[in-house]
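Below you'll find the structure, written out as structure tokens, and then a few comments.
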Amino acid sequence: MALHRKNLLGIRELSIDEILTILDTAEAFKEISRRPIKKVPTLRGRTVINLFFESSTRTRTSFEIAAKRLSADTINISVSTSSVTKGETLLDTARNLEAMVPDAIVIRHSSAGAPHQLATICKTSVINAGDGANEHPTQALLDALTIRNHKGRIEGLQIAIIGDISHSRVARSNLHLLTKLGAQVRVAGPATLIPPSFDKIAEGSSGSVVTTTSIDEAIDGADVLLMLRVQLEREASAFFPSLREYSYFYGLTAKRLQKAKKDVIVIHPGPVNRGVEIASDVVDGPYSLIYEQVTNGVAVRMAVLYLLMGGSQSEAVREVNR
Ligand code: CP
């Protein structure tokens with residue numbers, strides 16, 4: 001199956017078939033990263049621009065690696081040395097970049113909706129690499145790929161999303177994705193960091209969402225724990241008395257982990273605040289798949305670039321086997 005869309009702006013607007021097409025294509029592309037020569041000619045002659053208005057280690061690097069593994073040319077725009085510092089607007093920046101005829105613009109921005117605005121004026125594909133607290137679609141896709149690899153399915157799993165929910169685009173994209181695929185999601189965090197209408201995200205899906213302020217309730221019998229970073233740069237610390245208290249009530253420790261299923265997996269989008277939302281020995285422990293998520297991020301971003309540029313899942317399989 002192919003993706004018949006120009007942009008990837010969020011999980012909200014994706015169908016179940018589209019999500020599965022991206023995951024299956026990513027699964028096929030994983031093999032390329034295990035080869036001694038990690039490159040196929042699939043996107044030769046294509047150009048991908050990374051336009052990041054917020055800092056990033058994993059997303060920006062993995063989009064660049066993904067494009068290069070498919071032989072596309074990649075350009076990274078550093079906003080601090082661009083004409084944005086001279087007052088150029090986002091839309092004028094995009095118009096000028098588009099005049100150089102790229103095939104995709106990958107954008108991260110602190111404002112929710114910035115990629116959507118770009119998509120209205122650009123003929124080029126626009127990929128959302130995180131917009132404010134709205135969505136981070138490729139993160140949810142790589143999380144789903146990681147879960148599916150270990151559990152064989154998403155449907156029916158008990159998945160806890162724990163932490164700073166309000167500020168988290170990862171939580172929103174994951175809630176859309178996991179409930180579309182039929183997971184039972186428990187959302188846990190301080191009451192001040194859980195938006196009131198969050199359980200409505202599951203409406204119309206085969207999954208469900210319940211919210212709780214008790215981390216122990218969320219962990220009890222869970223198959224998957226998705227821990228979220230406390231977003232200190234978005235002033236999350238104003239929503240609870242102190243980091244010490246946050247860690248005491250909401251930090252994932254090895255002791256708390258015992259309440260989950262025996263084969264529980266722990267994921268975290270990174271960057272991790274060790275000792276705040278998750279203890280250091282859990283990050284490095286046997287249940288943690290945090291670095292596997294990063295590896296899967298390359299395959300997911302290869303799949304997204306490839307599919308948006310007109311490829312299909314069956315062609316991806318043929319490409320890998322060539
Ligand atoms: N998970 C994630 O988006 O990490 P970066 O901010 O490093 O890209």
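Letters for chains follow the order of the structure tokens (A, B, ...), residue numbers begin at 1 for each chain, and ligand numbers begin at 1 in the order shown.
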
Write out as an NGL selection string each polymer residue whose atoms come within 9 Å of Ser168 in chain A, counting only C-alpha atoms; drop sequence neighbours fewer than 3 positions from it. :A and (132-136 or 163-165 or 171-173 or 228-231)

Any idea what's packed within 10 Å of Ile194 in chain A, counting only C-alpha atoms, ignoring anything in its chain fewer than 5 positions away? Could you give it as a ChimeraX atom specification? /A:162-167,187-189,199,211-213

Who sits within 7 Å of range 79-83 of chain A, only C-alpha atoms, same chain under 5 positions skipped, as a list in words: Phe52, Phe53 and Glu88 of chain A

Around ligand 1, at most 9 Å away and counting only C-alpha atoms and all ligand atoms, which residues are there? Put them as a PyMOL selection string, please. chain A and resi 54-62+108+129-130+136+138-139+170+268-271+294

Would you mind exporting N, CA, C and O atoms of the selected residues as a JSON list (two decimals), in the first residue's frame?
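As written to disk, result_11.json reads:
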```json
[["chain", "number", "residue", "atom", "x", "y", "z"],
["A", 54, "GLU", "N", 13.54, 24.41, 17.29],
["A", 54, "GLU", "CA", 13.77, 23.99, 18.68],
["A", 54, "GLU", "C", 14.90, 22.99, 18.66],
["A", 54, "GLU", "O", 15.11, 22.30, 17.65],
["A", 55, "SER", "N", 15.57, 22.83, 19.79],
["A", 55, "SER", "CA", 16.70, 21.90, 19.85],
["A", 55, "SER", "C", 16.23, 20.45, 19.71],
["A", 55, "SER", "O", 15.08, 20.12, 20.01],
["A", 56, "SER", "N", 17.13, 19.63, 19.22],
["A", 56, "SER", "CA", 16.81, 18.21, 19.01],
["A", 56, "SER", "C", 18.11, 17.44, 18.84],
["A", 56, "SER", "O", 19.04, 17.93, 18.18],
["A", 57, "THR", "N", 18.18, 16.27, 19.43],
["A", 57, "THR", "CA", 19.29, 15.35, 19.14],
["A", 57, "THR", "C", 18.78, 14.21, 18.28],
["A", 57, "THR", "O", 19.23, 14.00, 17.15],
["A", 58, "ARG", "N", 17.79, 13.46, 18.80],
["A", 58, "ARG", "CA", 17.31, 12.25, 18.12],
["A", 58, "ARG", "C", 16.59, 12.53, 16.81],
["A", 58, "ARG", "O", 16.91, 11.93, 15.77],
["A", 59, "THR", "N", 15.61, 13.42, 16.83],
["A", 59, "THR", "CA", 14.74, 13.59, 15.66],
["A", 59, "THR", "C", 15.52, 14.17, 14.48],
["A", 59, "THR", "O", 15.45, 13.66, 13.36],
["A", 60, "ARG", "N", 16.26, 15.25, 14.73],
["A", 60, "ARG", "CA", 16.98, 15.89, 13.62],
["A", 60, "ARG", "C", 18.02, 14.96, 13.03],
["A", 60, "ARG", "O", 18.12, 14.78, 11.82],
["A", 61, "THR", "N", 18.80, 14.31, 13.93],
["A", 61, "THR", "CA", 19.87, 13.42, 13.43],
["A", 61, "THR", "C", 19.28, 12.24, 12.68],
["A", 61, "THR", "O", 19.79, 11.83, 11.64],
["A", 62, "SER", "N", 18.19, 11.67, 13.21],
["A", 62, "SER", "CA", 17.67, 10.47, 12.56],
["A", 62, "SER", "C", 16.96, 10.80, 11.24],
["A", 62, "SER", "O", 16.98, 9.99, 10.32],
["A", 108, "ARG", "N", 10.47, 21.41, 12.97],
["A", 108, "ARG", "CA", 10.12, 21.41, 14.41],
["A", 108, "ARG", "C", 9.98, 22.86, 14.83],
["A", 108, "ARG", "O", 10.82, 23.70, 14.50],
["A", 129, "ALA", "N", 8.01, 17.49, 12.77],
["A", 129, "ALA", "CA", 8.98, 16.84, 13.66],
["A", 129, "ALA", "C", 8.76, 17.29, 15.11],
["A", 129, "ALA", "O", 9.67, 17.20, 15.94],
["A", 130, "GLY", "N", 7.54, 17.77, 15.39],
["A", 130, "GLY", "CA", 7.19, 18.22, 16.74],
["A", 130, "GLY", "C", 6.76, 19.67, 16.70],
["A", 130, "GLY", "O", 7.56, 20.53, 16.34],
["A", 136, "HIS", "N", 3.80, 14.92, 17.66],
["A", 136, "HIS", "CA", 5.15, 14.49, 17.26],
["A", 136, "HIS", "C", 4.94, 13.13, 16.60],
["A", 136, "HIS", "O", 5.21, 12.08, 17.17],
["A", 138, "THR", "N", 6.19, 11.21, 14.16],
["A", 138, "THR", "CA", 7.18, 10.14, 13.92],
["A", 138, "THR", "C", 7.64, 9.50, 15.24],
["A", 138, "THR", "O", 8.05, 8.35, 15.25],
["A", 139, "GLN", "N", 7.54, 10.25, 16.36],
["A", 139, "GLN", "CA", 7.89, 9.66, 17.65],
["A", 139, "GLN", "C", 6.86, 8.57, 18.01],
["A", 139, "GLN", "O", 7.22, 7.48, 18.44],
["A", 170, "VAL", "N", 4.30, 14.15, 22.48],
["A", 170, "VAL", "CA", 4.48, 12.69, 22.37],
["A", 170, "VAL", "C", 3.23, 11.98, 22.92],
["A", 170, "VAL", "O", 2.73, 11.01, 22.33],
["A", 268, "HIS", "N", 10.70, 5.57, 26.55],
["A", 268, "HIS", "CA", 10.80, 6.99, 26.90],
["A", 268, "HIS", "C", 11.31, 7.70, 25.65],
["A", 268, "HIS", "O", 12.25, 7.22, 25.02],
["A", 269, "PRO", "N", 10.69, 8.81, 25.24],
["A", 269, "PRO", "CA", 11.11, 9.44, 23.98],
["A", 269, "PRO", "C", 12.49, 10.09, 24.05],
["A", 269, "PRO", "O", 13.10, 10.36, 23.01],
["A", 270, "GLY", "N", 12.97, 10.37, 25.27],
["A", 270, "GLY", "CA", 14.21, 11.12, 25.42],
["A", 270, "GLY", "C", 13.97, 12.59, 25.07],
["A", 270, "GLY", "O", 13.00, 12.91, 24.39],
["A", 271, "PRO", "N", 14.85, 13.48, 25.53],
["A", 271, "PRO", "CA", 15.93, 13.20, 26.47],
["A", 271, "PRO", "C", 15.38, 12.86, 27.85],
["A", 271, "PRO", "O", 14.31, 13.33, 28.23],
["A", 294, "VAL", "N", 15.40, 4.57, 19.57],
["A", 294, "VAL", "CA", 16.19, 5.49, 18.73],
["A", 294, "VAL", "C", 16.56, 4.81, 17.41],
["A", 294, "VAL", "O", 16.47, 5.41, 16.33]]
```

Can you list, as a CSV table (one decimal) with C-alpha atoms, in the first residue's frame, every protein, DNA or RNA residue that comes within 8 Å of range 278-292 of chain A when you count only C-alpha atoms, leaving out same-chain residues fewer than 2 positions away?
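In the end it all went to selection_13.csv:
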```
chain,number,residue,atom,x,y,z
A,146,THR,CA,9.1,-0.8,19.2
A,227,MET,CA,7.5,7.6,30.7
A,247,SER,CA,10.1,12.2,41.6
A,251,GLY,CA,9.1,8.7,39.3
A,252,LEU,CA,9.5,5.2,37.9
A,253,THR,CA,11.7,3.1,40.2
A,254,ALA,CA,12.7,-0.5,40.0
A,263,ASP,CA,7.4,-9.0,30.6
A,264,VAL,CA,6.7,-5.2,30.8
A,265,ILE,CA,8.6,-2.9,28.5
A,266,VAL,CA,9.7,0.6,29.4
A,267,ILE,CA,10.0,3.3,26.7
A,268,HIS,CA,10.8,7.0,26.9
A,269,PRO,CA,11.1,9.4,24.0
A,270,GLY,CA,14.2,11.1,25.4
A,272,VAL,CA,15.7,11.5,29.9
A,273,ASN,CA,15.8,13.4,33.2
A,274,ARG,CA,17.6,10.6,35.2
A,275,GLY,CA,16.3,10.5,38.7
A,276,VAL,CA,13.3,12.7,38.0
A,294,VAL,CA,16.2,5.5,18.7
A,295,THR,CA,17.3,2.8,16.3
A,296,ASN,CA,13.7,2.3,15.2
```

Counting only C-alpha atoms, figure out which residue out of A:Ile65, A:Ile77, A:Leu177, A:Leu70 gets nearest to Gly10 in chain A. A:Leu177

If we count only C-alpha atoms and set the cut-off at 9 Å, which residues sit around Leu23 in chain A, ignoring sequence neighbours fewer than 5 positions away in its own chain? Please answer as a PyMOL selection string. chain A and resi 18+28+141-142+144-145+299-300+303

Those residues you just picked out, can you put them in a file as an mmCIF file, in the first residue's frame with all heavy atoms?
```cif
data_model
loop_
_atom_site.group_PDB
_atom_site.id
_atom_site.type_symbol
_atom_site.label_atom_id
_atom_site.label_comp_id
_atom_site.auth_asym_id
_atom_site.auth_seq_id
_atom_site.Cartn_x
_atom_site.Cartn_y
_atom_site.Cartn_z
ATOM 1 N N GLU A 18 -3.089 3.630 6.949
ATOM 2 C CA GLU A 18 -1.892 4.457 6.715
ATOM 3 C C GLU A 18 -0.845 4.218 7.808
ATOM 4 O O GLU A 18 0.355 4.119 7.518
ATOM 5 C CB GLU A 18 -2.284 5.943 6.669
ATOM 6 C CG GLU A 18 -3.013 6.331 5.397
ATOM 7 C CD GLU A 18 -3.411 7.796 5.395
ATOM 8 O OE1 GLU A 18 -4.112 8.232 6.348
ATOM 9 O OE2 GLU A 18 -3.055 8.511 4.461
ATOM 10 N N ALA A 28 10.495 -3.144 6.986
ATOM 11 C CA ALA A 28 11.325 -3.579 5.843
ATOM 12 C C ALA A 28 12.638 -2.807 5.798
ATOM 13 O O ALA A 28 13.694 -3.386 5.530
ATOM 14 C CB ALA A 28 10.540 -3.388 4.543
ATOM 15 N N LEU A 141 5.048 6.868 15.960
ATOM 16 C CA LEU A 141 5.220 5.735 15.040
ATOM 17 C C LEU A 141 6.395 4.859 15.466
ATOM 18 O O LEU A 141 6.313 3.629 15.438
ATOM 19 C CB LEU A 141 5.420 6.261 13.609
ATOM 20 C CG LEU A 141 4.149 6.838 12.964
ATOM 21 C CD1 LEU A 141 4.484 7.773 11.803
ATOM 22 C CD2 LEU A 141 3.226 5.712 12.486
ATOM 23 N N LEU A 142 7.485 5.476 15.899
ATOM 24 C CA LEU A 142 8.633 4.650 16.325
ATOM 25 C C LEU A 142 8.339 3.965 17.663
ATOM 26 O O LEU A 142 8.804 2.834 17.904
ATOM 27 C CB LEU A 142 9.932 5.475 16.356
ATOM 28 C CG LEU A 142 10.172 6.493 17.478
ATOM 29 C CD1 LEU A 142 10.815 5.856 18.675
ATOM 30 C CD2 LEU A 142 11.056 7.623 16.971
ATOM 31 N N ALA A 144 5.337 2.895 18.481
ATOM 32 C CA ALA A 144 4.460 1.779 18.108
ATOM 33 C C ALA A 144 5.247 0.641 17.483
ATOM 34 O O ALA A 144 4.982 -0.533 17.753
ATOM 35 C CB ALA A 144 3.380 2.271 17.142
ATOM 36 N N LEU A 145 6.234 0.995 16.651
ATOM 37 C CA LEU A 145 7.061 -0.046 16.022
ATOM 38 C C LEU A 145 7.808 -0.839 17.099
ATOM 39 O O LEU A 145 7.879 -2.072 17.047
ATOM 40 C CB LEU A 145 8.057 0.603 15.045
ATOM 41 C CG LEU A 145 8.883 -0.355 14.193
ATOM 42 C CD1 LEU A 145 7.996 -1.121 13.212
ATOM 43 C CD2 LEU A 145 9.967 0.404 13.408
ATOM 44 N N ALA A 299 14.437 3.948 10.969
ATOM 45 C CA ALA A 299 13.617 3.168 10.024
ATOM 46 C C ALA A 299 12.269 3.849 9.776
ATOM 47 O O ALA A 299 11.792 3.912 8.628
ATOM 48 C CB ALA A 299 13.411 1.756 10.569
ATOM 49 N N VAL A 300 11.659 4.370 10.831
ATOM 50 C CA VAL A 300 10.358 5.049 10.672
ATOM 51 C C VAL A 300 10.508 6.287 9.795
ATOM 52 O O VAL A 300 9.694 6.548 8.899
ATOM 53 C CB VAL A 300 9.773 5.413 12.052
ATOM 54 C CG1 VAL A 300 8.738 6.527 11.958
ATOM 55 C CG2 VAL A 300 9.146 4.175 12.693
ATOM 56 N N ALA A 303 10.894 5.378 6.239
ATOM 57 C CA ALA A 303 9.582 4.985 5.693
ATOM 58 C C ALA A 303 8.743 6.222 5.364
ATOM 59 O O ALA A 303 8.121 6.297 4.298
ATOM 60 C CB ALA A 303 8.852 4.087 6.689
#
```

Applying 10 Å and only C-alpha atoms, which residues near Lys180 in chain A remain after dropping the ones on its own chain fewer than 4 positions away? List them as a VMD selection string. chain A and resid 11 to 12 14 to 16 19 154 to 155 174 to 176 201 to 208
